[in-house]
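With PDB, C-alpha atoms inside, this is entry.pdb:
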ATOM      1  CA  MET Z   1     -67.680  13.140  28.380
ATOM      2  CA  PRO Z   2     -68.730  16.706  27.538
ATOM      3  CA  LEU Z   3     -72.339  17.038  26.463
ATOM      4  CA  PRO Z   4     -73.006  17.595  22.770
ATOM      5  CA  PRO Z   5     -73.241  21.227  21.642
ATOM      6  CA  ARG Z   6     -76.670  22.857  21.549
ATOM      7  CA  ASP Z   7     -78.456  24.698  18.816
ATOM      8  CA  PHE Z   8     -78.841  28.179  20.233
ATOM      9  CA  SER Z   9     -81.112  29.408  17.456
ATOM     10  CA  THR Z  10     -83.988  27.736  19.332
ATOM     11  CA  ILE Z  11     -83.021  28.930  22.820
ATOM     12  CA  GLY Z  12     -84.416  32.233  24.052
ATOM     13  CA  PRO Z  13     -86.041  34.910  21.887
ATOM     14  CA  ARG Z  14     -85.665  34.238  18.172
ATOM     15  CA  GLU Z  15     -83.939  36.350  15.571
ATOM     16  CA  GLY Z  16     -86.432  38.459  13.661
ATOM     17  CA  THR Z  17     -88.665  39.002  16.697
ATOM     18  CA  ARG Z  18     -88.802  42.083  18.898
ATOM     19  CA  PHE Z  19     -86.683  41.706  22.004
ATOM     20  CA  PRO Z  20     -89.043  41.293  24.992
ATOM     21  CA  ASP Z  21     -89.825  44.253  27.232
ATOM     22  CA  ILE Z  22     -87.741  44.095  30.358
ATOM     23  CA  ARG Z  23     -87.566  46.419  33.344
ATOM     24  CA  LEU Z  24     -84.821  45.860  35.881
ATOM     25  CA  PRO Z  25     -82.767  47.937  38.325
ATOM     26  CA  ASP Z  26     -79.295  48.964  37.215
ATOM     27  CA  GLN Z  27     -76.158  49.278  39.353
ATOM     28  CA  ARG Z  28     -77.448  52.530  40.877
ATOM     29  CA  GLY Z  29     -80.803  51.006  41.724
ATOM     30  CA  ALA Z  30     -82.622  53.042  39.042
ATOM     31  CA  THR Z  31     -85.246  51.075  37.114
ATOM     32  CA  VAL Z  32     -84.283  50.707  33.469
ATOM     33  CA  ASP Z  33     -86.858  49.948  30.798
ATOM     34  CA  LEU Z  34     -84.649  48.506  28.111
ATOM     35  CA  HIS Z  35     -86.543  49.660  25.043
ATOM     36  CA  SER Z  36     -87.086  53.167  26.469
ATOM     37  CA  ALA Z  37     -83.438  53.418  27.446
ATOM     38  CA  ARG Z  38     -82.372  52.443  23.929
ATOM     39  CA  ARG Z  39     -83.983  55.641  22.614
ATOM     40  CA  ASP Z  40     -84.384  54.163  19.119
ATOM     41  CA  ARG Z  41     -80.729  53.162  19.004
ATOM     42  CA  LYS Z  42     -79.320  49.789  18.064
ATOM     43  CA  ALA Z  43     -78.377  47.815  21.142
ATOM     44  CA  LEU Z  44     -76.328  44.945  22.450
ATOM     45  CA  VAL Z  45     -77.898  43.004  25.328
ATOM     46  CA  VAL Z  46     -75.301  40.843  27.006
ATOM     47  CA  PHE Z  47     -76.144  37.944  29.327
ATOM     48  CA  TYR Z  48     -73.266  36.863  31.501
ATOM     49  CA  ARG Z  49     -72.545  34.653  34.424
ATOM     50  CA  SER Z  50     -71.932  37.042  37.274
ATOM     51  CA  ALA Z  51     -69.938  40.129  38.110
ATOM     52  CA  ASP Z  52     -69.175  38.573  41.472
ATOM     53  CA  TRP Z  53     -67.325  35.356  40.722
TER      54      TRP Z  53
ATOM     55  CA  MET K   1     -64.851  50.606  24.035
ATOM     56  CA  GLN K   2     -68.122  51.974  25.288
ATOM     57  CA  PRO K   3     -67.506  55.504  23.934
ATOM     58  CA  ARG K   4     -66.900  53.884  20.568
ATOM     59  CA  LEU K   5     -70.232  52.091  20.780
ATOM     60  CA  GLU K   6     -71.957  55.325  21.694
ATOM     61  CA  ALA K   7     -70.297  57.059  18.776
ATOM     62  CA  GLU K   8     -71.771  54.387  16.541
ATOM     63  CA  GLY K   9     -75.192  54.895  18.096
ATOM     64  CA  VAL K  10     -75.283  51.528  19.830
ATOM     65  CA  ALA K  11     -76.694  51.190  23.352
ATOM     66  CA  LEU K  12     -75.147  48.567  25.608
ATOM     67  CA  PHE K  13     -76.859  46.629  28.390
ATOM     68  CA  ALA K  14     -75.522  43.753  30.446
ATOM     69  CA  LEU K  15     -77.682  41.477  32.547
ATOM     70  CA  SER K  16     -76.784  39.043  35.313
ATOM     71  CA  TYR K  17     -78.423  37.627  38.407
ATOM     72  CA  ASP K  18     -76.267  39.721  40.741
ATOM     73  CA  PRO K  19     -77.865  42.003  43.348
ATOM     74  CA  VAL K  20     -77.644  45.763  42.764
ATOM     75  CA  ALA K  21     -74.940  46.207  45.424
ATOM     76  CA  VAL K  22     -72.641  43.711  43.713
ATOM     77  CA  LEU K  23     -73.145  45.431  40.372
ATOM     78  CA  ARG K  24     -72.530  48.826  41.926
ATOM     79  CA  SER K  25     -69.161  47.811  43.309
ATOM     80  CA  PHE K  26     -68.223  46.052  40.056
ATOM     81  CA  ALA K  27     -69.173  49.161  38.059
ATOM     82  CA  ASP K  28     -67.263  51.441  40.428
ATOM     83  CA  LYS K  29     -64.184  49.252  40.316
ATOM     84  CA  HIS K  30     -64.116  49.105  36.521
ATOM     85  CA  GLY K  31     -65.522  52.512  35.693
ATOM     86  CA  ILE K  32     -68.554  51.024  33.956
ATOM     87  CA  THR K  33     -71.247  53.562  33.123
ATOM     88  CA  PHE K  34     -73.561  51.558  30.877
ATOM     89  CA  PRO K  35     -76.477  49.781  32.619
ATOM     90  CA  LEU K  36     -75.616  46.589  34.472
ATOM     91  CA  LEU K  37     -79.084  45.170  34.988
ATOM     92  CA  SER K  38     -79.802  43.226  38.137
ATOM     93  CA  ASP K  39     -82.043  40.192  37.577
ATOM     94  CA  GLU K  40     -81.863  38.949  41.133
ATOM     95  CA  GLY K  41     -83.783  35.701  41.306
ATOM     96  CA  SER K  42     -83.225  35.187  37.554
ATOM     97  CA  HIS K  43     -86.894  35.966  36.766
ATOM     98  CA  VAL K  44     -86.167  37.662  33.441
ATOM     99  CA  ILE K  45     -83.542  35.083  32.528
ATOM    100  CA  ARG K  46     -86.162  32.398  33.158
ATOM    101  CA  ARG K  47     -88.962  34.226  31.319
ATOM    102  CA  LEU K  48     -86.719  34.561  28.272
ATOM    103  CA  GLY K  49     -85.901  30.863  28.340
ATOM    104  CA  LEU K  50     -82.196  31.444  28.874
ATOM    105  CA  ILE K  51     -81.627  29.444  32.069
ATOM    106  CA  ASN K  52     -78.713  27.129  31.565
ATOM    107  CA  GLU K  53     -80.323  23.923  32.784
ATOM    108  CA  ARG K  54     -77.384  21.879  31.777
ATOM    109  CA  VAL K  55     -74.669  23.626  33.707
ATOM    110  CA  GLN K  56     -74.703  21.280  36.683
ATOM    111  CA  GLU K  57     -74.975  18.224  34.491
ATOM    112  CA  ASP K  58     -72.114  19.532  32.415
ATOM    113  CA  HIS K  59     -70.038  20.218  35.485
ATOM    114  CA  ALA K  60     -70.667  16.720  36.749
ATOM    115  CA  ALA K  61     -69.354  15.477  33.411
ATOM    116  CA  TYR K  62     -66.196  17.491  34.007
ATOM    117  CA  GLY K  63     -65.853  16.363  37.619
ATOM    118  CA  ILE K  64     -66.785  19.749  39.075
ATOM    119  CA  LYS K  65     -68.611  19.669  42.401
ATOM    120  CA  PRO K  66     -72.164  21.078  42.577
ATOM    121  CA  ASP K  67     -72.279  24.713  43.606
ATOM    122  CA  PRO K  68     -75.496  26.629  44.450
ATOM    123  CA  ARG K  69     -74.163  29.607  42.478
ATOM    124  CA  HIS K  70     -74.577  27.512  39.359
ATOM    125  CA  SER K  71     -78.370  27.430  39.705
ATOM    126  CA  ASN K  72     -80.390  29.788  37.544
ATOM    127  CA  LEU K  73     -77.437  30.998  35.518
ATOM    128  CA  PRO K  74     -78.112  32.198  31.992
ATOM    129  CA  TYR K  75     -76.352  30.860  28.986
ATOM    130  CA  PRO K  76     -73.691  33.455  28.280
ATOM    131  CA  GLY K  77     -74.285  35.374  25.101
ATOM    132  CA  VAL K  78     -75.483  38.495  23.405
ATOM    133  CA  PHE K  79     -78.481  39.749  21.448
ATOM    134  CA  VAL K  80     -77.967  42.398  18.787
ATOM    135  CA  LEU K  81     -81.019  44.648  18.316
ATOM    136  CA  ASP K  82     -81.768  47.029  15.470
ATOM    137  CA  GLU K  83     -83.222  50.524  15.915
ATOM    138  CA  SER K  84     -86.740  49.142  16.269
ATOM    139  CA  GLY K  85     -85.709  46.615  18.901
ATOM    140  CA  VAL K  86     -85.871  43.576  16.640
ATOM    141  CA  ILE K  87     -83.281  40.879  17.236
ATOM    142  CA  VAL K  88     -80.958  40.877  14.231
ATOM    143  CA  GLY K  89     -78.174  38.809  15.748
ATOM    144  CA  LYS K  90     -77.653  36.337  18.517
ATOM    145  CA  ARG K  91     -74.451  34.767  19.745
ATOM    146  CA  PHE K  92     -74.657  32.300  22.601
ATOM    147  CA  HIS K  93     -72.293  29.798  24.130
ATOM    148  CA  GLU K  94     -72.735  26.605  26.023
ATOM    149  CA  SER K  95     -70.992  27.327  29.258
ATOM    150  CA  TYR K  96     -67.868  28.568  30.956
ATOM    151  CA  ARG K  97     -65.727  26.263  28.978
ATOM    152  CA  GLU K  98     -66.222  28.525  26.001
ATOM    153  CA  ARG K  99     -67.008  31.774  27.659
ATOM    154  CA  ASP K 100     -65.619  32.594  30.999
ATOM    155  CA  THR K 101     -66.446  35.898  32.614
ATOM    156  CA  GLY K 102     -68.717  38.803  31.995
ATOM    157  CA  ALA K 103     -65.756  40.998  31.242
ATOM    158  CA  ALA K 104     -64.427  38.576  28.664
ATOM    159  CA  LEU K 105     -67.825  38.245  27.087
ATOM    160  CA  LEU K 106     -68.188  41.988  26.895
ATOM    161  CA  ALA K 107     -64.772  42.309  25.336
ATOM    162  CA  GLN K 108     -65.610  39.798  22.684
ATOM    163  CA  THR K 109     -69.049  41.219  22.083
ATOM    164  CA  LEU K 110     -67.657  44.673  21.609
ATOM    165  CA  SER K 111     -65.035  43.317  19.267
ATOM    166  CA  ILE K 112     -67.866  42.393  16.888
ATOM    167  CA  LEU K 113     -67.970  46.062  16.074
ATOM    168  CA  GLU K 114     -64.220  46.589  16.071
ATOM    169  CA  THR K 115     -62.170  46.449  12.951
ATOM    170  CA  ARG K 116     -60.156  43.381  13.606
ATOM    171  CA  PRO K 117     -56.453  44.003  13.727
ATOM    172  CA  GLY K 118     -54.691  41.318  11.816
ATOM    173  CA  SER K 119     -51.767  40.538   9.658
ATOM    174  CA  THR K 120     -51.536  40.053   5.906
ATOM    175  CA  ALA K 121     -48.726  38.759   3.740
ATOM    176  CA  GLY K 122     -48.103  37.508   0.247
ATOM    177  CA  ALA K 123     -45.762  34.770  -0.872
ATOM    178  CA  PRO K 124     -42.930  35.702  -3.226
ATOM    179  CA  GLY K 125     -43.772  34.711  -6.765
ATOM    180  CA  HIS K 126     -47.330  33.756  -5.809
ATOM    181  CA  PRO K 127     -50.549  35.556  -6.608
ATOM    182  CA  ILE K 128     -52.122  34.524  -3.289
ATOM    183  CA  GLN K 129     -52.623  36.821  -0.346
ATOM    184  CA  VAL K 130     -52.836  35.321   3.140
ATOM    185  CA  SER K 131     -54.409  37.138   6.095
ATOM    186  CA  ALA K 132     -54.897  36.110   9.691
ATOM    187  CA  TRP K 133     -56.654  37.602  12.708
ATOM    188  CA  LEU K 134     -58.058  36.527  16.039
ATOM    189  CA  ASP K 135     -61.714  36.780  17.064
ATOM    190  CA  SER K 136     -60.759  39.058  19.924
ATOM    191  CA  PRO K 137     -57.785  41.322  20.646
ATOM    192  CA  THR K 138     -57.837  40.075  24.244
ATOM    193  CA  TYR K 139     -58.108  36.761  26.033
ATOM    194  CA  SER K 140     -58.895  35.649  29.538
ATOM    195  CA  PHE K 141     -58.750  32.413  31.420
ATOM    196  CA  PHE K 142     -60.531  29.576  29.654
ATOM    197  CA  GLN K 143     -61.716  31.724  26.827
ATOM    198  CA  ARG K 144     -62.100  29.980  23.527
ATOM    199  CA  MET K 145     -61.828  31.784  20.225
ATOM    200  CA  HIS K 146     -60.812  31.192  16.654
ATOM    201  CA  LEU K 147     -57.730  32.049  14.734
ATOM    202  CA  ASN K 148     -59.076  33.089  11.335
ATOM    203  CA  THR K 149     -56.929  32.461   8.284
ATOM    204  CA  GLU K 150     -58.000  33.773   4.919
ATOM    205  CA  LEU K 151     -56.568  33.018   1.480
ATOM    206  CA  ARG K 152     -57.439  35.276  -1.415
ATOM    207  CA  MET K 153     -56.820  33.726  -4.803
ATOM    208  CA  PRO K 154     -57.263  35.687  -8.016
ATOM    209  CA  PRO K 155     -59.587  34.232 -10.669
ATOM    210  CA  GLY K 156     -58.095  31.231 -12.402
ATOM    211  CA  PHE K 157     -55.958  30.166  -9.435
ATOM    212  CA  ARG K 158     -56.560  27.421  -6.885
ATOM    213  CA  VAL K 159     -54.798  25.537  -4.132
ATOM    214  CA  CYS K 160     -54.778  21.813  -3.412
ATOM    215  CA  ALA K 161     -57.038  20.817  -0.515
ATOM    216  CA  PRO K 162     -56.067  18.104   1.948
ATOM    217  CA  PRO K 163     -55.578  15.257   1.394
ATOM    218  CA  ALA K 164     -53.552  16.125  -1.681
ATOM    219  CA  PRO K 165     -52.434  13.462  -4.155
ATOM    220  CA  ASP K 166     -48.791  12.438  -4.396
ATOM    221  CA  GLY K 167     -46.608  15.142  -5.818
ATOM    222  CA  THR K 168     -48.676  18.016  -4.497
ATOM    223  CA  VAL K 169     -48.699  19.814  -1.172
ATOM    224  CA  PRO K 170     -52.062  20.392   0.534
ATOM    225  CA  LEU K 171     -53.207  23.546   2.253
ATOM    226  CA  THR K 172     -52.112  23.552   5.906
ATOM    227  CA  VAL K 173     -52.043  25.946   8.861
ATOM    228  CA  HIS K 174     -49.421  25.281  11.475
ATOM    229  CA  VAL K 175     -49.651  27.232  14.737
ATOM    230  CA  SER K 176     -46.510  27.274  16.868
ATOM    231  CA  GLU K 177     -46.946  25.834  20.318
ATOM    232  CA  ILE K 178     -47.935  28.405  22.969
ATOM    233  CA  PRO K 179     -47.681  27.361  26.620
ATOM    234  CA  GLY K 180     -51.157  27.162  28.135
ATOM    235  CA  VAL K 181     -52.998  27.405  24.827
ATOM    236  CA  GLU K 182     -54.795  24.418  23.355
ATOM    237  CA  ILE K 183     -54.652  24.564  19.582
ATOM    238  CA  GLY K 184     -57.385  22.696  17.735
ATOM    239  CA  ALA K 185     -57.526  21.361  14.202
ATOM    240  CA  VAL K 186     -58.160  23.802  11.378
ATOM    241  CA  GLN K 187     -61.585  23.703   9.704
ATOM    242  CA  TRP K 188     -61.773  24.669   6.050
ATOM    243  CA  PRO K 189     -64.872  24.998   3.922
ATOM    244  CA  ALA K 190     -65.708  22.067   1.660
ATOM    245  CA  ALA K 191     -63.312  21.697  -1.255
ATOM    246  CA  GLN K 192     -64.431  21.521  -4.872
ATOM    247  CA  PRO K 193     -63.275  19.182  -7.610
ATOM    248  CA  GLY K 194     -60.811  20.890  -9.931
ATOM    249  CA  ARG K 195     -57.972  20.285 -12.328
ATOM    250  CA  VAL K 196     -54.301  20.578 -11.509
ATOM    251  CA  PRO K 197     -51.827  20.765 -14.398
ATOM    252  CA  GLY K 198     -49.791  17.598 -14.668
ATOM    253  CA  LEU K 199     -52.334  15.475 -12.822
ATOM    254  CA  ASP K 200     -55.029  13.355 -14.366
ATOM    255  CA  GLY K 201     -58.634  13.739 -13.386
ATOM    256  CA  LEU K 202     -60.202  15.990 -10.814
ATOM    257  CA  ILE K 203     -58.746  16.566  -7.367
ATOM    258  CA  SER K 204     -60.008  18.536  -4.379
ATOM    259  CA  VAL K 205     -59.131  22.224  -4.599
ATOM    260  CA  HIS K 206     -60.077  25.560  -3.096
ATOM    261  CA  SER K 207     -60.469  28.740  -5.133
ATOM    262  CA  GLY K 208     -61.636  32.314  -4.643
ATOM    263  CA  THR K 209     -61.499  33.547  -1.059
ATOM    264  CA  ILE K 210     -61.612  30.926   1.656
ATOM    265  CA  ARG K 211     -61.374  31.129   5.405
ATOM    266  CA  GLY K 212     -60.073  28.495   7.813
ATOM    267  CA  LEU K 213     -60.823  28.467  11.528
ATOM    268  CA  VAL K 214     -58.400  27.169  14.152
ATOM    269  CA  PRO K 215     -59.982  26.847  17.634
ATOM    270  CA  LEU K 216     -57.785  28.226  20.420
ATOM    271  CA  THR K 217     -58.522  27.656  24.112
ATOM    272  CA  PHE K 218     -56.590  29.778  26.571
ATOM    273  CA  ALA K 219     -56.288  27.270  29.384
ATOM    274  CA  ALA K 220     -53.352  28.593  31.387
ATOM    275  CA  PRO K 221     -54.093  30.150  34.797
ATOM    276  CA  PRO K 222     -54.612  33.924  34.831
ATOM    277  CA  GLY K 223     -51.398  35.929  34.708
ATOM    278  CA  GLY K 224     -50.120  34.458  31.448
ATOM    279  CA  GLY K 225     -49.612  37.977  30.093
ATOM    280  CA  ASP K 226     -49.586  39.072  26.489
ATOM    281  CA  LEU K 227     -48.975  36.323  23.957
ATOM    282  CA  THR K 228     -47.966  35.997  20.346
ATOM    283  CA  VAL K 229     -49.696  33.575  18.002
ATOM    284  CA  GLU K 230     -47.341  32.551  15.212
ATOM    285  CA  LEU K 231     -48.675  30.652  12.277
ATOM    286  CA  THR K 232     -47.420  29.280   9.012
ATOM    287  CA  VAL K 233     -49.774  28.712   6.102
ATOM    288  CA  GLY K 234     -48.473  26.184   3.588
ATOM    289  CA  PHE K 235     -50.005  25.679   0.164
ATOM    290  CA  GLN K 236     -49.424  24.805  -3.424
ATOM    291  CA  CYS K 237     -51.016  27.035  -5.976
ATOM    292  CA  CYS K 238     -51.784  26.415  -9.604
ATOM    293  CA  SER K 239     -53.509  28.029 -12.547
ATOM    294  CA  ASP K 240     -55.106  26.334 -15.539
ATOM    295  CA  SER K 241     -51.719  25.997 -17.191
ATOM    296  CA  GLU K 242     -49.084  26.020 -14.481
ATOM    297  CA  ARG K 243     -48.391  24.353 -11.166
ATOM    298  CA  LEU K 244     -46.289  26.637  -8.950
ATOM    299  CA  PRO K 245     -43.852  25.219  -6.404
ATOM    300  CA  PRO K 246     -45.090  24.746  -2.838
ATOM    301  CA  SER K 247     -44.895  27.865  -0.715
ATOM    302  CA  SER K 248     -45.538  29.054   2.786
ATOM    303  CA  VAL K 249     -46.366  32.327   4.510
ATOM    304  CA  GLY K 250     -45.585  33.108   8.142
ATOM    305  CA  LEU K 251     -47.719  35.518  10.154
ATOM    306  CA  SER K 252     -47.577  36.716  13.722
ATOM    307  CA  LEU K 253     -50.463  38.058  15.830
ATOM    308  CA  GLY K 254     -50.333  39.638  19.274
ATOM    309  CA  ILE K 255     -53.048  39.086  21.859
ATOM    310  CA  LYS K 256     -53.337  40.790  25.223
ATOM    311  CA  GLU K 257     -54.467  39.234  28.435
ATOM    312  CA  LEU K 258     -57.605  40.867  29.765
ATOM    313  CA  ALA K 259     -56.860  41.694  33.400
ATOM    314  CA  MET K 260     -59.391  40.010  35.642
ATOM    315  CA  VAL K 261     -60.652  41.055  38.990
ATOM    316  CA  ASP K 262     -60.158  38.612  41.842
ATOM    317  CA  ARG K 263     -62.291  35.649  41.140
ATOM    318  CA  THR K 264     -62.249  31.998  41.886
ATOM    319  CA  LEU K 265     -63.076  29.594  39.150
ATOM    320  CA  PRO K 266     -64.406  26.103  39.491
ATOM    321  CA  SER K 267     -61.626  23.563  39.548
ATOM    322  CA  ARG K 268     -61.497  21.245  36.626
ATOM    323  CA  GLN K 269     -60.255  17.784  37.355
ATOM    324  CA  SER K 270     -60.708  16.341  33.936
ATOM    325  CA  ALA K 271     -61.677  17.513  30.537
TER     326      ALA K 271
END
Kindly present the structure from the file in structure tokens form.
Amino acid sequence: MPLPPRDFSTIGPREGTRFPDIRLPDQRGATVDLHSARRDRKALVVFYRSADW
Amino acid sequence: MQPRLEAEGVALFALSYDPVAVLRSFADKHGITFPLLSDEGSHVIRRLGLINERVQEDHAAYGIKPDPRHSNLPYPGVFVLDESGVIVGKRFHESYRERDTGAALLAQTLSILETRPGSTAGAPGHPIQVSAWLDSPTYSFFQRMHLNTELRMPPGFRVCAPPAPDGTVPLTVHVSEIPGVEIGAVQWPAAQPGRVPGLDGLISVHSGTIRGLVPLTFAAPPGGGDLTVELTVGFQCCSDSERLPPSSVGLSLGIKELAMVDRTLPSRQSA
């Protein structure tokens, strides 16, 4: 049997809060500070499974 | 779609646990210029509380063998941030069953900002307008989305909700069979009690503008090509004084297959 669906409002950072600061390398190996790279723009931050499989 | 996002002043970031080299080749292959962030080791995914702890359990439930790649995966989804970095939207999904690949997720995410192409029709002799559209203009293997159906009724008009009493025809959406596509049951908002001319008492009706959702799961193997979703919306409309004959409206929506790179997907022995 599939598991029951989850309530995603309680998983991860909540709506109405500032998205956490994250610094990670991008595909060129350059470190990206997400909030700096936004440059005061709106943003979409997508979490996905893998680019590899 | 990325230039469109940039034109709207929206920055796009995608994050996975892939090493930089994997992301580089993926970006080169697909011409991706926005940042693909490499969270090798899933440290950020874990810090944000987005590790999908249930994926292996869920796979076991579906008869899928354990796979080390399934450890430390995030739930697939997207955060929408405003100009000050505050989260103003959040759309997450349980697992691959609903959301397959990064590319598919991106396509659907970006479609949030797209004007949804759809189809609208009226019924001869009826004041009701029926529209339909799909959540995304593209699909990929094992993607799930909704077919949206909207009825706009002018003030003073209503339609009978299911189950309708004898002598009336309830609101229905029939989607023609599509090979490889699982079509779920339509969900309508709650109906309200209302009067129908010629019937005693109150019966369940809808009025104003209502939207029904039909879940679609694209379960055929990749290579299904572009598809057409054909639907028929049946209803019986009435005003305070008149009950109109039953009517139906047919609509047709195209959806394109999102070409996937070579990828193997977990086999699914039962669902």
What are the residues of chain K that have an atom within 6 Å of an atom of chain Z, counting only C-alpha atoms, as a PDB file with C-alpha atoms, in the frame of the given file?
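Ended up saving to out.pdb:
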ATOM      1  CA  GLY K   9     -75.192  54.895  18.096  1.00  0.00           C
ATOM      2  CA  VAL K  10     -75.283  51.528  19.830  1.00  0.00           C
ATOM      3  CA  ALA K  11     -76.694  51.190  23.352  1.00  0.00           C
ATOM      4  CA  LEU K  12     -75.147  48.567  25.608  1.00  0.00           C
ATOM      5  CA  PHE K  13     -76.859  46.629  28.390  1.00  0.00           C
ATOM      6  CA  ALA K  14     -75.522  43.753  30.446  1.00  0.00           C
ATOM      7  CA  LEU K  15     -77.682  41.477  32.547  1.00  0.00           C
ATOM      8  CA  SER K  16     -76.784  39.043  35.313  1.00  0.00           C
ATOM      9  CA  VAL K  20     -77.644  45.763  42.764  1.00  0.00           C
ATOM     10  CA  LEU K  23     -73.145  45.431  40.372  1.00  0.00           C
ATOM     11  CA  ARG K  24     -72.530  48.826  41.926  1.00  0.00           C
ATOM     12  CA  PRO K  35     -76.477  49.781  32.619  1.00  0.00           C
ATOM     13  CA  LEU K  36     -75.616  46.589  34.472  1.00  0.00           C
ATOM     14  CA  LEU K  37     -79.084  45.170  34.988  1.00  0.00           C
ATOM     15  CA  SER K  38     -79.802  43.226  38.137  1.00  0.00           C
ATOM     16  CA  LEU K  48     -86.719  34.561  28.272  1.00  0.00           C
ATOM     17  CA  GLY K  49     -85.901  30.863  28.340  1.00  0.00           C
ATOM     18  CA  LEU K  50     -82.196  31.444  28.874  1.00  0.00           C
ATOM     19  CA  ALA K  61     -69.354  15.477  33.411  1.00  0.00           C
ATOM     20  CA  PRO K  76     -73.691  33.455  28.280  1.00  0.00           C
ATOM     21  CA  GLY K  77     -74.285  35.374  25.101  1.00  0.00           C
ATOM     22  CA  VAL K  78     -75.483  38.495  23.405  1.00  0.00           C
ATOM     23  CA  PHE K  79     -78.481  39.749  21.448  1.00  0.00           C
ATOM     24  CA  VAL K  80     -77.967  42.398  18.787  1.00  0.00           C
ATOM     25  CA  LEU K  81     -81.019  44.648  18.316  1.00  0.00           C
ATOM     26  CA  ASP K  82     -81.768  47.029  15.470  1.00  0.00           C
ATOM     27  CA  GLU K  83     -83.222  50.524  15.915  1.00  0.00           C
ATOM     28  CA  GLY K  85     -85.709  46.615  18.901  1.00  0.00           C
ATOM     29  CA  VAL K  86     -85.871  43.576  16.640  1.00  0.00           C
ATOM     30  CA  ILE K  87     -83.281  40.879  17.236  1.00  0.00           C
ATOM     31  CA  VAL K  88     -80.958  40.877  14.231  1.00  0.00           C
ATOM     32  CA  GLY K 102     -68.717  38.803  31.995  1.00  0.00           C
ATOM     33  CA  ARG K 263     -62.291  35.649  41.140  1.00  0.00           C
TER      34      ARG K 263
END
Taking every listed atom of region 140-150 of chain K and adding 4 Å to each side, what centre and edge lengths in Å (one decimal) does the axis-aligned box have, as lines of an AutoDock Vina configuration file?
center_x = -59.5
center_y = 32.6
center_z = 18.2
size_x = 13.2
size_y = 14.1
size_z = 34.5
How close does region 227-262 of chain K get to region 197-215 of chain K? List, as a tab-separated table, each residue of region 227-262 of chain K within 6 Å, its nearest atom pair and the distance in Å to one decimal, counting all atoms listed in the file.
residue	atom	partner	partner_atom	distance
K:Ser241	CA	K:Pro197	CA	5.9
K:Glu242	CA	K:Pro197	CA	5.9
K:Arg243	CA	K:Pro197	CA	5.9
Quick one, how far is CA of Gly254 (chain K) from CA of Ala132 (chain K)? 11.2 Å
Interatomic distance, CA of Ala21 (chain K) to CA of Leu258 (chain K) (Å, one decimal): 24.0 Å
